[in-house]
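Visitor: Below is the structure I would like to discuss, written out as structure tokens.
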Amino acid sequence: MVDARGLSCPMPVIMTQKAMKSKEDYYEVLVDAPAPLENVTRFAKSQGYNVEVEDRGGEYLLKISR
């Protein structure tokens, strides 16, 4: 679980990138703004992952999987 709430870009993407170095098949990333939501989603898709977004009322849980 990557908790990137309260952080502005590019930190959420950098944190996700570091987590993905473990080569897992599933990650969860928590963000609380539209810009990190879009940027992390774009990055994960560019790495070949699927992204499902759960809106938690101002926070977004990105479920990233292969």
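Here's how to read the names in the structure tokens: chain A, B, ... by the order shown, residue numbers from 1 in each chain, ligand numbers from 1 in the order shown.
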I'd like the contact shell of range 15-29 of chain A - 10 Å cut-off, only C-alpha atoms, skipping same-chain residues fewer than 6 positions apart - returned as JSON, numbers by chain.

Guide: {"A": [1, 2, 3, 4, 5, 37, 40, 41, 43, 44, 47, 49, 50, 51, 52, 53, 60, 61, 62, 63, 64, 65, 66]}

Visitor: Set the distance at 10 Å and use only C-alpha atoms: which residues neighbour Cys9 in chain A once local chain neighbours fewer than 3 positions away are removed? I'd like the list as a list in words.

Guide: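 In the requested form, the answer reads Ala4, Pro12, Val13, Ile14, Ala33, Ala35, Pro36, Leu37, Asn39 and Val40 of chain A.
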
Visitor: Expressed in Å to a single decimal, how great is the separation between CA of Gly58 in chain A and CA of Pro10 in chain A?

Guide: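 Value for the CA of Gly58 in chain A-CA of Pro10 in chain A distance: 19.3 Å.
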
Visitor: Per DSSP on the backbone, filter chain A down to the residues in alpha helix (DSSP H) and report them as a PyMOL selection string.

Guide: chain A and resi 11-20+34-46

Visitor: Of the residues A:Glu38, A:Leu30, A:Gly48, A:Gly57, which is the one nearest to Leu7 in chain A, using only C-alpha atoms?

Guide: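 Of all the options, A:Leu30 lies closest to Leu7 in chain A.
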
Visitor: Apply DSSP to the structure's backbone, then extract all residues of range 2-64 of chain A labelled strand (DSSP E) and return them as a list of chain:residue names.

Guide: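 Strand (DSSP E) members of range 2-64 of chain A, listed: A:Val2, A:Asp3, A:Tyr26, A:Tyr27, A:Glu28, A:Val29, A:Leu30, A:Val31, A:Asn50, A:Val51, A:Glu52, A:Val53, A:Glu54, A:Asp55, A:Tyr60, A:Leu61, A:Leu62, A:Lys63, A:Ile64.
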